[in-house]
$ cat model.txt   # compact mmCIF, C-alpha atoms
# COMPACT_ATOMS: atom_id res chain seq x y z
CA MET A 1 0.00 0.00 0.00
CA LYS A 2 1.29 3.41 -0.95
CA MET A 3 2.21 5.57 2.06
CA LYS A 4 0.19 8.68 2.59
CA THR A 5 2.07 11.97 2.21
CA ILE A 6 1.23 15.22 3.97
CA HIS A 7 2.65 18.37 2.40
CA LEU A 8 2.91 20.73 5.35
CA LYS A 9 3.35 23.85 3.23
CA ASP A 10 0.09 23.15 1.41
CA GLU A 11 -1.73 22.11 4.57
CA ILE A 12 -0.47 24.94 6.77
CA SER A 13 2.06 27.45 5.48
CA GLU A 14 5.68 28.14 4.65
CA HIS A 15 5.98 29.19 8.30
CA ILE A 16 4.68 26.64 10.79
CA ALA A 17 3.85 28.94 13.67
CA ILE A 18 0.64 27.93 15.41
CA ARG A 19 0.46 24.77 17.54
CA ALA A 20 -3.29 24.38 17.21
CA ILE A 21 -3.13 24.25 13.42
CA LEU A 22 -0.25 21.78 13.36
CA ARG A 23 -2.00 19.66 16.02
CA GLU A 24 -5.14 19.52 13.91
CA THR A 25 -3.18 18.55 10.79
CA LEU A 26 -1.25 15.81 12.60
CA SER A 27 -4.37 14.48 14.32
CA LYS A 28 -5.69 13.30 10.96
CA ILE A 29 -2.84 10.79 10.59
CA ASN A 30 -4.07 7.22 10.98
CA SER A 31 -1.52 5.18 9.04
CA LYS A 32 2.14 5.12 7.99
CA THR A 33 2.79 8.61 6.67
CA VAL A 34 5.47 10.70 5.00
CA ILE A 35 5.57 14.28 6.19
CA ASP A 36 6.91 16.40 3.39
CA PHE A 37 8.51 19.64 4.57
CA SER A 38 9.18 20.98 1.03
CA GLY A 39 8.82 24.75 1.01
CA VAL A 40 8.61 25.02 4.80
CA SER A 41 11.24 27.55 5.72
CA SER A 42 10.56 27.95 9.43
CA ILE A 43 8.97 26.19 12.36
CA SER A 44 8.43 27.84 15.72
CA ARG A 45 9.86 26.22 18.84
CA SER A 46 6.32 25.58 20.03
CA CYS A 47 5.38 23.78 16.83
CA ALA A 48 8.64 21.82 16.86
CA ASP A 49 7.66 20.72 20.37
CA GLU A 50 4.19 19.74 19.18
CA TYR A 51 5.78 17.74 16.37
CA ALA A 52 8.27 16.01 18.70
CA GLN A 53 5.46 15.10 21.08
CA PHE A 54 3.40 13.74 18.19
CA LYS A 55 6.34 11.58 17.05
CA GLU A 56 6.80 10.22 20.59
CA GLN A 57 3.16 9.22 20.86
CA ILE A 58 2.14 8.08 17.40
CA LYS A 59 2.03 4.34 16.82
CA TYR A 60 2.50 4.55 13.05
CA VAL A 61 5.79 4.92 11.20
CA ILE A 62 6.33 8.57 10.33
CA THR A 63 9.12 9.69 8.05
CA GLU A 64 10.17 13.19 7.12
CA GLU A 65 11.26 14.45 3.73
CA HIS A 66 12.85 17.65 2.46
CA LEU A 67 13.59 19.26 5.81
CA SER A 68 15.48 22.53 5.49
CA SER A 69 18.49 22.90 7.79
CA GLU A 70 16.65 25.57 9.84
CA VAL A 71 13.62 23.36 10.42
CA ALA A 72 15.74 20.27 11.13
CA GLU A 73 17.82 22.26 13.65
CA MET A 74 14.76 23.52 15.48
CA ILE A 75 13.23 20.05 15.73
CA ALA A 76 16.55 18.55 16.88
CA LEU A 77 16.91 21.28 19.50
CA VAL A 78 13.48 20.54 20.90
CA VAL A 79 14.01 16.78 20.86
CA GLU A 80 17.19 17.26 22.93
CA SER A 81 15.39 19.63 25.29
CA ARG A 82 12.56 17.15 25.77
CA LYS A 83 15.06 14.40 26.57
CA ARG A 84 16.75 16.63 29.17
CA ASP A 85 13.52 17.76 30.80
CA SER A 86 11.68 14.49 30.57
CA PRO A 87 10.42 13.32 33.96
CA ARG A 88 12.45 10.26 34.97
CA PRO A 89 10.37 7.08 34.80
CA THR A 90 9.37 5.60 38.12
CA PRO A 91 11.45 2.42 38.69
CA GLN A 92 9.32 -0.69 38.30
CA LEU A 93 9.58 -2.89 41.40
CA THR A 94 9.92 -6.60 40.74
CA PRO A 95 8.55 -8.90 43.48
CA LEU A 96 11.38 -10.86 45.12
CA GLU A 97 9.83 -14.20 44.24
CA ALA A 98 9.89 -13.26 40.59
CA ILE A 99 13.68 -12.95 40.54
CA PRO A 100 14.98 -16.38 39.46
CA SER A 101 18.37 -16.21 41.26
CA LEU A 102 16.81 -15.84 44.70
CA MET B 1 -17.62 61.69 23.19
CA ILE B 2 -14.30 60.24 24.29
CA LYS B 3 -11.33 62.53 23.94
CA CYS B 4 -7.98 61.00 23.02
CA VAL B 5 -5.26 62.53 25.14
CA ILE B 6 -1.98 60.64 25.02
CA VAL B 7 1.20 61.65 26.82
CA ARG B 8 3.85 62.72 24.33
CA ALA B 9 6.61 60.18 24.88
CA HIS B 10 8.79 57.88 22.82
CA ASN B 11 9.12 55.42 25.67
CA PRO B 12 6.13 53.02 25.81
CA GLU B 13 6.22 52.84 29.62
CA ASP B 14 5.52 56.57 29.86
CA GLN B 15 2.39 56.15 27.76
CA ILE B 16 0.87 53.19 29.61
CA LYS B 17 -1.20 55.20 32.07
CA SER B 18 -2.71 57.65 29.57
CA VAL B 19 -3.40 54.99 26.93
CA LEU B 20 -5.05 52.62 29.43
CA ALA B 21 -7.23 55.44 30.73
CA ILE B 22 -8.60 55.92 27.20
CA VAL B 23 -9.05 52.17 26.73
CA ASP B 24 -11.01 52.06 29.95
CA GLN B 25 -13.39 54.75 28.68
CA LEU B 26 -13.76 53.06 25.29
CA LEU B 27 -14.61 49.69 26.79
CA ALA B 28 -16.78 51.01 29.62
CA SER B 29 -19.26 52.48 27.17
CA GLU B 30 -21.60 50.10 25.39
CA LYS B 31 -23.18 52.76 23.20
CA GLU B 32 -22.01 54.36 19.97
CA GLU B 33 -19.21 56.79 20.69
CA VAL B 34 -17.30 59.52 18.94
CA PHE B 35 -13.59 59.12 19.53
CA ASP B 36 -12.08 62.55 19.25
CA MET B 37 -8.47 62.42 18.06
CA THR B 38 -8.44 65.96 16.66
CA GLU B 39 -5.93 67.30 19.18
CA VAL B 40 -3.54 64.33 19.00
CA GLU B 41 -0.10 65.58 18.00
CA TRP B 42 1.93 62.50 18.80
CA VAL B 43 1.23 58.85 18.33
CA THR B 44 3.46 55.80 18.59
CA PRO B 45 2.95 52.24 17.28
CA PHE B 46 2.52 51.24 20.95
CA SER B 47 -0.42 53.56 21.59
CA ALA B 48 -1.94 52.94 18.13
CA LEU B 49 -1.83 49.16 18.72
CA ILE B 50 -3.60 49.31 22.08
CA LEU B 51 -6.22 51.84 20.98
CA ALA B 52 -6.98 49.98 17.74
CA ASN B 53 -7.52 46.74 19.64
CA ALA B 54 -9.83 48.47 22.11
CA ILE B 55 -11.88 50.04 19.31
CA MET B 56 -12.18 46.67 17.57
CA SER B 57 -13.19 45.00 20.85
CA ARG B 58 -16.03 47.46 21.49
CA LYS B 59 -19.55 46.16 21.17
CA ALA B 60 -20.86 49.39 19.64
CA LYS B 61 -19.75 51.53 16.72
CA THR B 62 -16.95 54.07 17.15
CA ALA B 63 -16.82 57.15 14.94
CA ILE B 64 -13.36 58.66 14.78
CA LEU B 65 -12.59 62.33 14.42
CA ALA B 66 -9.22 62.36 12.67
CA PRO B 67 -6.25 64.31 14.02
CA LYS B 68 -5.78 67.84 12.71
CA ASP B 69 -2.05 67.26 12.63
CA LEU B 70 -1.39 66.02 9.10
CA SER B 71 1.64 63.89 9.97
CA VAL B 72 -0.29 62.05 12.72
CA LYS B 73 -3.31 61.60 10.43
CA THR B 74 -1.09 60.25 7.63
CA TYR B 75 0.72 57.91 10.00
CA LEU B 76 -2.55 56.47 11.32
CA GLU B 77 -3.84 55.96 7.78
CA THR B 78 -0.56 54.30 6.80
CA ILE B 79 -0.76 51.69 9.53
CA GLY B 80 -4.48 51.12 8.93
CA PHE B 81 -5.76 52.60 12.19
CA PRO B 82 -8.07 51.34 13.57
CA LEU B 83 -9.51 48.68 11.22
CA GLY B 84 -6.19 47.25 10.03
CA LYS B 85 -5.30 46.62 6.42
CA ASN B 86 -3.95 43.92 4.19
CA THR B 87 -1.54 45.94 2.06
CA GLN B 88 2.04 46.13 3.24
CA GLY B 89 4.48 49.00 3.37
CA ASN B 90 8.23 48.85 2.97
CA THR B 91 9.07 49.41 6.59
CA TYR B 92 5.88 48.64 8.42
CA CYS B 93 3.52 45.75 8.87
CA PRO B 94 0.20 47.52 9.38
CA LEU B 95 -2.27 46.70 12.09
CA ARG B 96 -3.58 43.18 11.61
CA HIS B 97 -6.54 42.02 13.63
CA PHE B 98 -7.50 38.40 13.92
CA THR B 99 -10.40 36.70 15.57
CA THR B 100 -9.55 33.08 14.81
CA ASN B 101 -6.12 31.64 14.16
CA PRO B 102 -3.25 34.05 13.53
CA GLN B 103 -1.43 32.02 10.83
CA LYS B 104 -2.40 34.39 7.99
CA ALA B 105 -1.25 37.41 9.99
CA VAL B 106 2.04 35.67 10.76
CA ASP B 107 2.54 34.82 7.07
CA ALA B 108 1.91 38.42 6.04
CA ILE B 109 4.33 39.76 8.62
CA TYR B 110 7.02 37.24 7.61
CA ALA B 111 6.64 38.44 4.01
CA VAL B 112 7.34 42.06 4.93
CA ILE B 113 10.13 41.28 7.36
CA ASN B 114 11.94 38.95 4.97
CA LYS B 115 11.66 41.44 2.12
CA ASN B 116 12.19 44.84 3.64
CA TYR B 117 13.66 44.58 7.13
CA PRO B 118 17.39 44.60 7.87
CA GLU B 119 18.99 41.31 6.90
CA GLU B 120 20.21 40.88 10.47
CA VAL B 121 16.68 40.38 11.82
CA GLN B 122 15.13 38.43 8.97
CA GLY B 123 14.23 34.75 9.16
CA ASN B 124 14.74 33.25 12.53
CA VAL B 125 14.98 36.46 14.57
CA ALA B 126 11.87 38.61 14.07
CA GLY B 127 10.01 35.63 12.63
CA TYR B 128 10.68 33.54 15.72
CA ILE B 129 9.28 36.23 18.00
CA PHE B 130 6.18 36.71 15.83
CA SER B 131 5.55 32.98 15.66
CA GLU B 132 5.92 32.34 19.38
CA LEU B 133 3.96 35.35 20.60
CA SER B 134 1.09 34.83 18.19
CA ASP B 135 1.00 31.16 19.17
CA ASN B 136 0.84 32.24 22.82
CA ILE B 137 -2.26 34.28 22.07
CA SER B 138 -3.78 31.35 20.21
CA GLU B 139 -2.98 28.80 22.93
CA HIS B 140 -3.60 30.68 26.14
CA SER B 141 -5.60 33.88 25.85
CA GLN B 142 -9.12 32.81 24.80
CA PHE B 143 -9.23 36.06 22.84
CA HIS B 144 -12.06 37.50 20.78
CA ASN B 145 -9.90 40.04 19.02
CA ALA B 146 -6.14 40.20 18.81
CA THR B 147 -3.93 42.65 16.98
CA MET B 148 -0.30 42.80 15.92
CA LEU B 149 1.95 45.22 14.13
CA ALA B 150 5.62 45.81 13.38
CA GLN B 151 7.52 48.84 12.29
CA TYR B 152 11.09 49.46 11.23
CA PHE B 153 12.38 53.02 11.53
CA PRO B 154 15.26 53.22 9.00
CA LYS B 155 16.48 56.60 10.32
CA THR B 156 17.04 55.36 13.86
CA GLY B 157 17.50 51.68 13.03
CA GLU B 158 14.85 50.80 15.63
CA ILE B 159 12.31 48.03 15.22
CA ASP B 160 9.05 47.93 17.19
CA MET B 161 6.87 44.84 17.37
CA GLY B 162 3.61 44.61 19.28
CA PHE B 163 0.93 42.06 20.14
CA ILE B 164 -2.28 42.57 22.03
CA ASP B 165 -5.28 40.42 22.81
CA ASP B 166 -8.51 41.04 24.68
CA GLY B 167 -8.48 37.64 26.32
CA ILE B 168 -8.39 36.36 29.88
CA SER B 169 -4.89 37.80 30.62
CA ILE B 170 -1.90 36.00 32.14
CA PRO B 171 -3.17 36.19 35.76
CA GLY B 172 -6.63 35.19 34.55
CA SER B 173 -5.20 32.13 32.83
CA TYR B 174 -3.39 31.00 36.00
CA GLU B 175 -6.53 31.59 38.06
CA GLN B 176 -8.60 29.57 35.62
CA HIS B 177 -6.19 26.67 36.11
CA GLY B 178 -6.37 26.94 39.91
CA ARG B 179 -2.87 28.29 40.33
CA ASP B 180 -2.31 30.72 43.18
CA VAL B 181 -1.17 34.15 41.99
CA PRO B 182 -0.77 36.73 44.74
CA SER B 183 -0.79 39.61 42.25
CA ASP B 184 -0.98 40.31 38.51
CA ALA B 185 2.70 41.29 38.56
CA ASN B 186 3.55 37.95 40.15
CA ALA B 187 1.63 36.16 37.40
CA ILE B 188 3.78 37.88 34.77
CA GLU B 189 6.87 36.92 36.75
CA GLN B 190 5.76 33.28 36.70
CA ALA B 191 5.02 33.43 32.98
CA VAL B 192 8.47 34.76 32.07
CA GLN B 193 9.96 32.04 34.27
CA GLY B 194 8.25 29.51 32.02
CA ILE B 195 5.53 28.27 34.34
CA SER B 196 2.85 27.12 31.92
CA THR B 197 -0.81 26.40 32.49
CA LYS B 198 -0.66 23.70 29.84
CA GLU B 199 -0.03 20.08 30.68
CA GLY B 200 3.28 18.57 29.59
CA TRP B 201 6.77 19.06 30.91
CA SER B 202 8.11 20.78 27.81
CA ARG B 203 5.78 23.78 27.77
CA GLY B 204 6.41 27.35 28.84
CA HIS B 205 9.28 28.33 26.54
CA GLY B 206 7.52 30.93 24.35
CA LEU B 207 7.42 34.03 26.53
CA PRO B 208 10.75 33.42 28.33
CA SER B 209 12.59 32.77 25.05
CA CYS B 210 11.17 35.89 23.39
CA LYS B 211 12.12 37.99 26.39
CA GLY B 212 15.55 36.35 26.41
CA ILE B 213 16.21 36.96 22.72
CA THR B 214 15.17 40.60 23.05
CA LYS B 215 17.20 41.10 26.23
CA ASP B 216 20.31 38.99 25.61
CA LEU B 217 20.74 38.87 21.83
CA LEU B 218 19.15 42.12 20.67
CA LYS B 219 19.87 44.22 23.79
CA GLY B 220 16.39 45.63 23.39
CA GLU B 221 13.35 46.60 25.41
CA PHE B 222 10.56 44.22 26.37
CA TYR B 223 7.20 45.15 27.85
CA ILE B 224 4.27 43.10 29.10
CA ILE B 225 1.03 44.53 30.44
CA SER B 226 -1.51 42.00 31.60
CA ARG B 227 -4.43 43.19 33.67
CA GLN B 228 -2.74 45.35 36.33
CA GLY B 229 0.65 43.70 36.04
CA VAL B 230 3.47 45.37 34.14
CA LEU B 231 6.91 44.10 33.22
CA VAL B 232 9.43 46.51 31.76
CA HIS B 233 12.88 45.42 30.63
CA ARG B 234 14.93 48.38 29.49
CA SER B 235 18.57 49.44 29.69
CA GLY B 236 19.58 46.01 30.95
CA ALA B 237 17.25 45.99 33.97
CA SER B 238 13.84 44.45 34.57
CA ASN B 239 11.10 45.93 36.70
CA ILE B 240 7.81 44.21 37.52
CA TYR B 241 5.01 46.05 39.27
CA ASN B 242 1.26 46.48 39.60
CA LEU B 243 -0.58 49.46 38.20
CA GLU B 244 -2.75 51.38 40.61
CA SER B 245 -5.27 52.04 37.87
CA LYS B 246 -7.68 49.50 36.42
CA GLY B 247 -5.25 47.94 33.98
CA LEU B 248 -5.82 46.15 30.71
CA ARG B 249 -8.48 43.55 30.00
CA GLY B 250 -6.11 41.21 28.11
CA THR B 251 -2.39 41.23 27.48
CA VAL B 252 0.00 43.35 25.46
CA VAL B 253 3.55 42.28 24.66
CA TYR B 254 5.71 44.94 23.07
CA LEU B 255 9.33 44.88 21.94
CA ARG B 256 11.73 47.53 20.75
CA PHE B 257 15.27 46.87 19.62
CA SER B 258 17.90 48.37 17.36
CA LYS B 259 19.18 46.66 14.27
CA PRO B 260 21.94 44.35 15.55
CA ALA B 261 25.43 44.59 14.07
CA GLN B 262 25.23 40.98 12.96
CA THR B 263 22.60 38.28 12.74
CA PRO B 264 22.13 36.72 16.18
CA ASN B 265 22.27 32.94 16.32
CA VAL B 266 18.82 32.29 17.73
CA THR B 267 19.01 28.50 17.44
CA ALA B 268 22.27 28.33 19.41
CA TYR B 269 20.77 30.62 22.05
CA LEU B 270 17.60 28.52 22.32
CA SER B 271 19.55 25.30 22.66
CA LYS B 272 21.28 26.58 25.82
CA GLU B 273 17.95 27.51 27.41
CA GLU B 274 19.63 30.24 29.44
CA TYR B 275 16.49 32.31 29.03
CA ARG B 276 14.83 30.17 31.69
CA GLU B 277 15.23 32.18 34.85
$ encode --input "model.txt" --output "structure tokens"
Amino acid sequence: MKMKTIHLKDEISEHIAIRAILRETLSKINSKTVIDFSGVSSISRSCADEYAQFKEQIKYVITEEHLSSEVAEMIALVVESRKRDSPRPTPQLTPLEAIPSL
Amino acid sequence: MIKCVIVRAHNPEDQIKSVLAIVDQLLASEKEEVFDMTEVEWVTPFSALILANAIMSRKAKTAILAPKDLSVKTYLETIGFPLGKNTQGNTYCPLRHFTTNPQKAVDAIYAVINKNYPEEVQGNVAGYIFSELSDNISEHSQFHNATMLAQYFPKTGEIDMGFIDDGISIPGSYEQHGRDVPSDANAIEQAVQGISTKEGWSRGHGLPSCKGITKDLLKGEFYIISRQGVLVHRSGASNIYNLESKGLRGTVVYLRFSKPAQTPNVTAYLSKEEYRE
């Protein structure tokens, strides 16, 4: 089956600035999708964060195409920031009897 | 009739009191009003932005008596006061009102900035600020009418950028989310520290990063008025206080900076996150 492609410039704008609009566009994705960034020259930090969050949560394979260096840098910056700020996961306690060596 | 009397001052802080007094009169009246600007001899983008938003937020019609001073009258026509306009000038982005999403206004402003503004602020500098602050309005303010403008003054090399909404304000947003705010000034302080009302650990970068870029990279001035709270960052120092008067119904964010000597590296600055106080 051919993968669906979303052209962000056509769907939103050359400048991806408003979270709510990006959120709405991304919420329509329900299968493996290519996100084509052709013609997108800027993305705000907020929208890069929205995109990073979407990528963390979506269960389908999402691939990006034609990212400009500016857009790629902003997304990478946010991904790093999210990793740094991410709340540490609560350690999962294993019952003693479940540990084979004991 | 409501008379427009604005203090003659270049510095936005000096105009806050007189402009907000007029806004209060405009919004207090629910009937048709004549707004008398005949004696106005001095107007700044800051005062024009706030007054235009108030006029657009009124429930009744406002008839405007134009200033007698030709230069003031021409300036107001140029920036599309008060209704806004879609045509662009070389050095100014006229008043743009929006009632739904601000993407079109952001696109229009990007077009002017990237064509006519100094190369040093094009792309990721002015555009970043416009994107983040308009997104803030969209995400947090619950506005009915919001307005933005930008102006480059080639003679002085100064750039002014302003955003205003008639929404719930920064303190109002915290209150709505059950967060304790002892004063409106304190709410602004929390907002510039990155304390967001939105869920998710990665929120709350917009306002602090815009203040940081203006302060640290552009060495400029940054103003927020939200309800009775005021933040002024000028000449390297920040001051946060409460107005004694009624204040503003929503929020205004206003920036002024001079053309930098070279293009600031916004991405590098953002990656360090030093703007988080």
$ atom_distance --input "model.txt" --atom1 "atom CA of B:Leu70" --atom2 "atom CA of B:Ser57"
26.8 Å
$ residues_around --input "model.txt" --residues "A:Ser31" --least-positions-apart "3" --cutoff "10 Å" --atoms "all atoms listed in the file" --output "PyMOL selection string"
chain A and resi 3-4+28+34+58-62
$ closest_residue --input "model.txt" --among "B:Asn11, B:Gln262, B:Ile22, B:Asn101" --to "B:Phe222" --atoms "only C-alpha atoms"
B:Asn11
$ interface_residues --input "model.txt" --of "chain A" --to "chain B" --cutoff "9 Å" --atoms "only C-alpha atoms" --output "list in words"
Ile12, Ser13, Glu14, His15, Ile16, Ala17, Ile18, Arg19, Ala20, Ile21, Ser41, Ser42, Ile43, Ser44, Arg45, Ser46, Cys47, Asp49, Glu70, Glu73, Met74, Leu77, Val78, Glu80, Ser81, Arg82, Asp85, Ser86 and Pro87 of chain A
$ residues_around --input "model.txt" --residues "stretch 6-10 of chain B" --least-positions-apart "3" --cutoff "7 Å" --atoms "all atoms listed in the file" --output "ChimeraX atom specification"
/B:14-15,18-19,42
$ closest_residue --input "model.txt" --among "B:Ile64, B:Ala108, B:Ile113, B:Ala126" --to "B:Leu217" --atoms "only C-alpha atoms"
B:Ala126
